[in-house]
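Undergrad: Structure: entry_4.cif, mmCIF, C-alpha atoms and all ligand atoms.
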```
data_model
loop_
_atom_site.label_atom_id
_atom_site.label_comp_id
_atom_site.auth_asym_id
_atom_site.auth_seq_id
_atom_site.Cartn_x
_atom_site.Cartn_y
_atom_site.Cartn_z
CA MET A 1 77.57 129.52 45.78
CA SER A 2 79.50 126.36 46.37
CA LEU A 3 78.68 122.87 47.51
CA SER A 4 78.83 121.12 49.91
CA ASN A 5 80.84 120.77 53.06
CA ASN A 6 78.61 118.02 54.36
CA TRP A 7 79.27 115.70 51.39
CA GLN A 8 81.42 112.71 52.34
CA ILE A 9 83.16 112.81 48.99
CA GLN A 10 83.42 115.57 46.41
CA PRO A 11 82.23 114.92 42.85
CA ALA A 12 85.67 115.72 41.41
CA GLU A 13 87.18 112.88 43.45
CA LEU A 14 84.41 110.56 42.38
CA PHE A 15 84.79 111.41 38.68
CA ALA A 16 88.54 110.88 38.97
CA MET A 17 87.93 107.30 40.11
CA GLY A 18 86.38 106.53 36.69
CA PRO A 19 86.83 106.66 33.82
CA VAL A 20 84.14 104.02 33.19
CA VAL A 21 81.06 103.74 35.41
CA PRO A 22 78.81 100.73 34.92
CA VAL A 23 75.09 101.54 34.96
CA LEU A 24 73.58 98.53 36.71
CA VAL A 25 70.02 97.23 36.57
CA ILE A 26 70.11 94.31 39.01
CA GLU A 27 66.95 92.27 39.62
CA ASN A 28 68.24 89.68 42.10
CA VAL A 29 69.91 90.57 45.37
CA GLU A 30 72.01 87.38 45.20
CA ASP A 31 73.66 88.69 42.01
CA ALA A 32 74.77 91.96 43.66
CA VAL A 33 78.01 90.83 45.28
CA PRO A 34 79.27 88.65 42.39
CA ILE A 35 78.59 91.47 39.89
CA ALA A 36 80.40 94.02 42.06
CA GLN A 37 83.33 91.63 42.56
CA ALA A 38 83.53 90.88 38.82
CA LEU A 39 83.67 94.60 38.05
CA ILE A 40 86.33 95.20 40.67
CA ALA A 41 88.38 92.29 39.31
CA GLY A 42 88.20 94.03 35.94
CA GLY A 43 89.50 97.33 37.33
CA ILE A 44 86.32 99.30 38.08
CA LYS A 45 85.53 100.70 41.49
CA VAL A 46 82.68 103.18 41.03
CA LEU A 47 79.32 101.46 40.47
CA GLU A 48 75.92 103.00 39.76
CA VAL A 49 73.00 100.84 40.88
CA THR A 50 69.87 102.23 39.26
CA LEU A 51 66.70 102.36 41.33
CA ARG A 52 64.78 100.68 38.54
CA THR A 53 64.19 97.32 40.11
CA ALA A 54 62.18 96.31 43.15
CA ASN A 55 65.35 95.10 44.90
CA ALA A 56 67.66 97.99 43.99
CA LEU A 57 67.96 99.38 47.52
CA ASP A 58 68.76 95.93 48.91
CA VAL A 59 71.32 95.50 46.13
CA ILE A 60 73.01 98.72 47.27
CA LYS A 61 72.91 97.51 50.89
CA GLU A 62 74.56 94.21 49.93
CA ILE A 63 77.34 95.85 47.94
CA ALA A 64 77.93 98.57 50.53
CA SER A 65 78.25 96.06 53.37
CA LYS A 66 79.96 93.13 51.63
CA VAL A 67 82.21 94.73 48.99
CA PRO A 68 83.88 97.59 50.86
CA GLU A 69 86.36 98.26 48.05
CA ALA A 70 83.46 99.31 45.78
CA MET A 71 82.30 102.91 45.65
CA VAL A 72 78.60 102.18 45.24
CA GLY A 73 76.08 104.85 44.35
CA SER A 74 72.47 104.97 43.33
CA GLY A 75 71.12 105.98 39.95
CA THR A 76 67.69 107.09 38.72
CA VAL A 77 67.31 109.21 41.86
CA THR A 78 64.50 111.55 40.89
CA ASN A 79 63.25 113.09 44.16
CA PRO A 80 64.23 113.74 47.79
CA GLU A 81 62.61 110.48 48.95
CA THR A 82 64.73 108.25 46.72
CA LEU A 83 67.81 110.29 47.64
CA GLN A 84 67.15 109.61 51.35
CA GLN A 85 66.44 105.92 50.68
CA SER A 86 69.76 105.71 48.83
CA ILE A 87 71.64 107.22 51.78
CA ASP A 88 69.89 104.85 54.19
CA ALA A 89 70.91 101.89 52.01
CA GLY A 90 74.57 102.94 52.12
CA ALA A 91 74.98 104.68 48.76
CA LYS A 92 78.08 106.88 48.66
CA PHE A 93 76.75 109.14 45.88
CA ALA A 94 73.62 109.58 43.78
CA LEU A 95 72.99 110.25 40.11
CA SER A 96 69.84 111.57 38.53
CA PRO A 97 68.77 111.54 34.89
CA GLY A 98 67.51 115.11 35.44
CA MET A 99 67.00 117.65 38.18
CA THR A 100 64.22 119.41 40.01
CA THR A 101 64.40 122.29 42.46
CA GLU A 102 63.33 119.93 45.26
CA LEU A 103 65.98 117.36 44.45
CA LEU A 104 68.78 119.94 44.24
CA ALA A 105 67.71 121.47 47.57
CA ALA A 106 67.65 118.07 49.25
CA ALA A 107 71.07 117.23 47.80
CA GLN A 108 72.59 120.42 49.15
CA LYS A 109 71.65 119.28 52.65
CA SER A 110 72.49 115.62 52.23
CA SER A 111 75.58 113.70 53.32
CA ILE A 112 76.35 112.33 49.85
CA PRO A 113 76.92 114.17 46.57
CA LEU A 114 74.29 114.25 43.86
CA ILE A 115 75.28 114.36 40.22
CA PRO A 116 72.25 115.92 38.52
CA GLY A 117 71.43 115.13 34.91
CA ILE A 118 71.13 117.79 32.22
CA SER A 119 70.70 117.84 28.48
CA SER A 120 70.28 121.55 27.78
CA ILE A 121 72.16 124.79 28.46
CA SER A 122 69.30 126.28 30.49
CA GLU A 123 69.21 123.24 32.77
CA LEU A 124 72.95 123.50 33.13
CA MET A 125 72.66 127.16 34.13
CA GLU A 126 70.04 126.29 36.76
CA GLY A 127 72.32 123.62 38.16
CA ILE A 128 75.29 125.99 38.23
CA ASP A 129 73.16 128.62 39.98
CA ALA A 130 72.34 126.03 42.65
CA GLY A 131 76.08 125.49 43.21
CA PHE A 132 76.67 122.34 41.17
CA ASP A 133 79.58 121.94 38.75
CA HIS A 134 79.58 118.17 38.02
CA PHE A 135 76.71 116.84 35.92
CA LYS A 136 75.53 113.74 34.18
CA PHE A 137 74.89 114.52 30.50
CA PHE A 138 71.91 112.37 29.59
CA PRO A 139 70.82 110.97 27.17
CA ALA A 140 74.28 111.58 25.72
CA GLU A 141 74.06 110.18 22.20
CA ALA A 142 70.46 111.28 21.65
CA ALA A 143 71.20 114.82 22.94
CA GLY A 144 73.96 115.51 20.45
CA GLY A 145 76.78 113.41 21.85
CA ALA A 146 80.38 114.50 22.21
CA LYS A 147 79.92 117.46 19.83
CA THR A 148 77.40 119.03 22.18
CA ILE A 149 79.57 118.56 25.25
CA LYS A 150 82.58 119.98 23.43
CA SER A 151 80.60 123.10 22.50
CA VAL A 152 79.57 123.60 26.12
CA SER A 153 83.20 123.87 27.25
CA GLY A 154 83.42 127.34 25.66
CA PRO A 155 80.93 129.19 27.88
CA PHE A 156 81.25 126.82 30.86
CA PRO A 157 84.90 125.74 31.05
CA HIS A 158 84.78 124.84 34.76
CA VAL A 159 81.95 122.31 34.44
CA ARG A 160 82.67 118.57 34.23
CA PHE A 161 80.39 115.92 32.74
CA CYS A 162 79.81 112.21 33.07
CA PRO A 163 77.85 111.44 29.90
CA THR A 164 75.64 108.35 29.76
CA GLY A 165 73.07 107.01 27.34
CA GLY A 166 74.10 105.20 24.18
CA ILE A 167 77.78 105.02 25.11
CA ASN A 168 79.79 101.86 24.57
CA VAL A 169 83.34 100.68 24.10
CA GLY A 170 83.22 101.80 20.44
CA ASN A 171 82.29 105.45 20.97
CA MET A 172 83.48 106.24 24.50
CA GLY A 173 86.80 107.60 23.19
CA ASN A 174 84.88 110.48 21.53
CA TYR A 175 83.80 111.59 24.99
CA LEU A 176 86.85 110.76 27.08
CA SER A 177 89.10 112.79 24.81
CA LEU A 178 87.20 115.99 25.79
CA SER A 179 88.68 118.27 28.44
CA ASN A 180 85.32 118.61 30.22
CA VAL A 181 84.59 114.87 30.45
CA SER A 182 86.23 112.94 33.28
CA CYS A 183 84.24 109.71 33.08
CA ILE A 184 81.47 108.04 31.11
CA GLY A 185 78.72 105.63 32.13
CA GLY A 186 77.01 102.77 30.37
CA SER A 187 75.04 99.61 30.82
CA TRP A 188 76.96 97.59 28.25
CA LEU A 189 79.47 96.32 30.82
CA VAL A 190 76.92 94.10 32.52
CA PRO A 191 74.63 92.63 29.85
CA ASP A 192 71.35 91.00 30.94
CA ASP A 193 72.02 87.69 29.22
CA VAL A 194 75.41 87.39 30.90
CA VAL A 195 73.82 88.05 34.30
CA LYS A 196 71.10 85.46 33.62
CA LYS A 197 73.85 82.88 32.96
CA LYS A 198 75.74 84.10 36.07
CA ASP A 199 78.80 84.28 33.84
CA TRP A 200 80.79 86.59 36.11
CA ALA A 201 84.08 85.95 34.30
CA THR A 202 82.66 87.52 31.13
CA ILE A 203 81.79 90.69 33.07
CA THR A 204 85.40 90.89 34.25
CA GLU A 205 86.61 90.42 30.68
CA ILE A 206 84.30 93.14 29.25
CA THR A 207 85.40 95.42 32.08
CA LYS A 208 89.10 94.89 31.46
CA LYS A 209 88.65 95.72 27.76
CA ALA A 210 86.68 98.86 28.61
CA VAL A 211 89.22 100.06 31.17
CA ALA A 212 92.13 99.46 28.79
CA ALA A 213 90.37 101.32 25.94
CA ALA A 214 89.29 104.16 28.26
CA THR A 215 92.76 104.68 29.62
CA GLN A 216 94.05 105.04 26.07
CA GLY A 217 91.23 107.49 25.25
CA LYS A 218 91.97 109.81 28.16
C1 LIG B 1 70.98 105.18 32.00
O1 LIG B 1 70.90 105.91 32.98
O2 LIG B 1 70.07 104.45 31.57
C2 LIG B 1 72.26 105.19 31.32
O3 LIG B 1 72.34 106.32 30.61
C3 LIG B 1 72.54 103.96 30.56
O4 LIG B 1 72.38 104.14 29.22
P1 LIG B 1 72.79 102.96 28.25
O5 LIG B 1 71.92 101.78 28.60
O6 LIG B 1 72.53 103.50 26.87
O7 LIG B 1 74.24 102.67 28.50
#
```
Is it possible to give me this structure as structure tokens?
TA:
Amino acid sequence: MSLSNNWQIQPAELFAMGPVVPVLVIENVEDAVPIAQALIAGGIKVLEVTLRTANALDVIKEIASKVPEAMVGSGTVTNPETLQQSIDAGAKFALSPGMTTELLAAAQKSSIPLIPGISSISELMEGIDAGFDHFKFFPAEAAGGAKTIKSVSGPFPHVRFCPTGGINVGNMGNYLSLSNVSCIGGSWLVPDDVVKKKDWATITEITKKAVAAATQGK
């Protein structure tokens, strides 16, 4: 079974826009546009706004309407309701830390792609059975890291992963050098203390370093 003619963008295209995806936890709506612009100035286009703050959906709305060059998606999408809220806010894709039957079924019918999260082979097989072939591998470092993902390429060579969880500029090369990893995600690009100071130039600087290192690693 294959997915999904109704998706506005295919996961392979999305992953190819990486290779570094910032995982954003944004509290204040007024910070949304400057953070997105700082990331874009640093060379990153795909942004994951996690639904972990009260304002997350408004943050997505702001970025989607005011920073058209960003490819903004929602993260921490755990059920059909938050998937629909993400679409309504203007998200272009959704990521989940895991997957449920309900969420996969809703994603098959939705207009945007879902990247479900897995951390075991059985979960991966369920996702493949439902037609998915691009997954988040989460929590990457805690679930065995690059070694685990490399092992999975034997039985499942067609599957591609975006690992997140414990990844930073120091260890991302271990992942990006794998044939089944197209991009990685992490929160280190936009540190809380830097956001509190509204030091957008530092975000651009961290981003540039990450993009340069990632391009070498790939
Ligand atoms: C997440 O979804 O929380 C990501 O995996 C981010 O993990 P990190 O904070 O370890 O980068």
Undergrad: Up to 10 Å from (77.9, 104.8, 53.9) in the file's coordinates: name the residues, counting all atoms listed in the file, as number ranges by chain.
TA: A: 8, 61, 64-65, 68, 71-73, 86-93, 111-112
Undergrad: Can those selected residues be exported to a file as a tab-separated table (two decimals), keeping the file's coordinate frame so that it contains C-alpha atoms?
TA:
```tsv
chain	number	residue	atom	x	y	z
A	8	GLN	CA	81.42	112.71	52.34
A	61	LYS	CA	72.91	97.51	50.89
A	64	ALA	CA	77.93	98.57	50.53
A	65	SER	CA	78.25	96.06	53.37
A	68	PRO	CA	83.88	97.59	50.86
A	71	MET	CA	82.30	102.91	45.65
A	72	VAL	CA	78.60	102.18	45.24
A	73	GLY	CA	76.08	104.85	44.35
A	86	SER	CA	69.76	105.71	48.83
A	87	ILE	CA	71.64	107.22	51.78
A	88	ASP	CA	69.89	104.85	54.19
A	89	ALA	CA	70.91	101.89	52.01
A	90	GLY	CA	74.57	102.94	52.12
A	91	ALA	CA	74.98	104.68	48.76
A	92	LYS	CA	78.08	106.88	48.66
A	93	PHE	CA	76.75	109.14	45.88
A	111	SER	CA	75.58	113.70	53.32
A	112	ILE	CA	76.35	112.33	49.85
```
Undergrad: Around ligand LIG 1 (chain B), at most 9 Å away and counting all atoms listed in the file, which residues are there? Put them as a list of chain:residue names, please.
TA: A:Pro22, A:Val23, A:Leu24, A:Val25, A:Glu48, A:Thr50, A:Gly75, A:Thr76, A:Leu95, A:Ser96, A:Pro97, A:Lys136, A:Phe137, A:Phe138, A:Pro139, A:Ala140, A:Glu141, A:Pro163, A:Thr164, A:Gly165, A:Gly166, A:Ile167, A:Asn168, A:Gly185, A:Gly186, A:Ser187, A:Trp188, A:Leu189
Undergrad: Smallest atom-to-atom distance to Ile63 of chain A: which of A:Ile206, A:Leu178, A:Leu103, A:Ile40, using all atoms listed in the file?
TA: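 Using all atoms listed in the file, the shortest distance to Ile63 of chain A belongs to A:Ile40.
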Undergrad: Rounded to one decimal in Å, what is the spacing between atom CA of Met99 of chain A and atom CA of Ala130 of chain A?
TA: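 Result for atom CA of Met99 of chain A versus atom CA of Ala130 of chain A: 10.9 Å, one decimal.
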Undergrad: Can you measure atom CA of Gln37 of chain A to atom CA of Thr207 of chain A for me? One decimal in Å is fine.
TA: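 We find that atom CA of Gln37 of chain A and atom CA of Thr207 of chain A lie 11.3 Å from each other.
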Undergrad: So which residues fall inside 12 Å of (60.9, 96.9, 44.3) if we count all atoms listed in the file? Mind giving them as a count of residues only?
TA: 15
Undergrad: Have a look at atom CA of Glu69 of chain A and atom CA of Val20 of chain A and let me know their distance in Å, one decimal.
TA: 16.1 Å
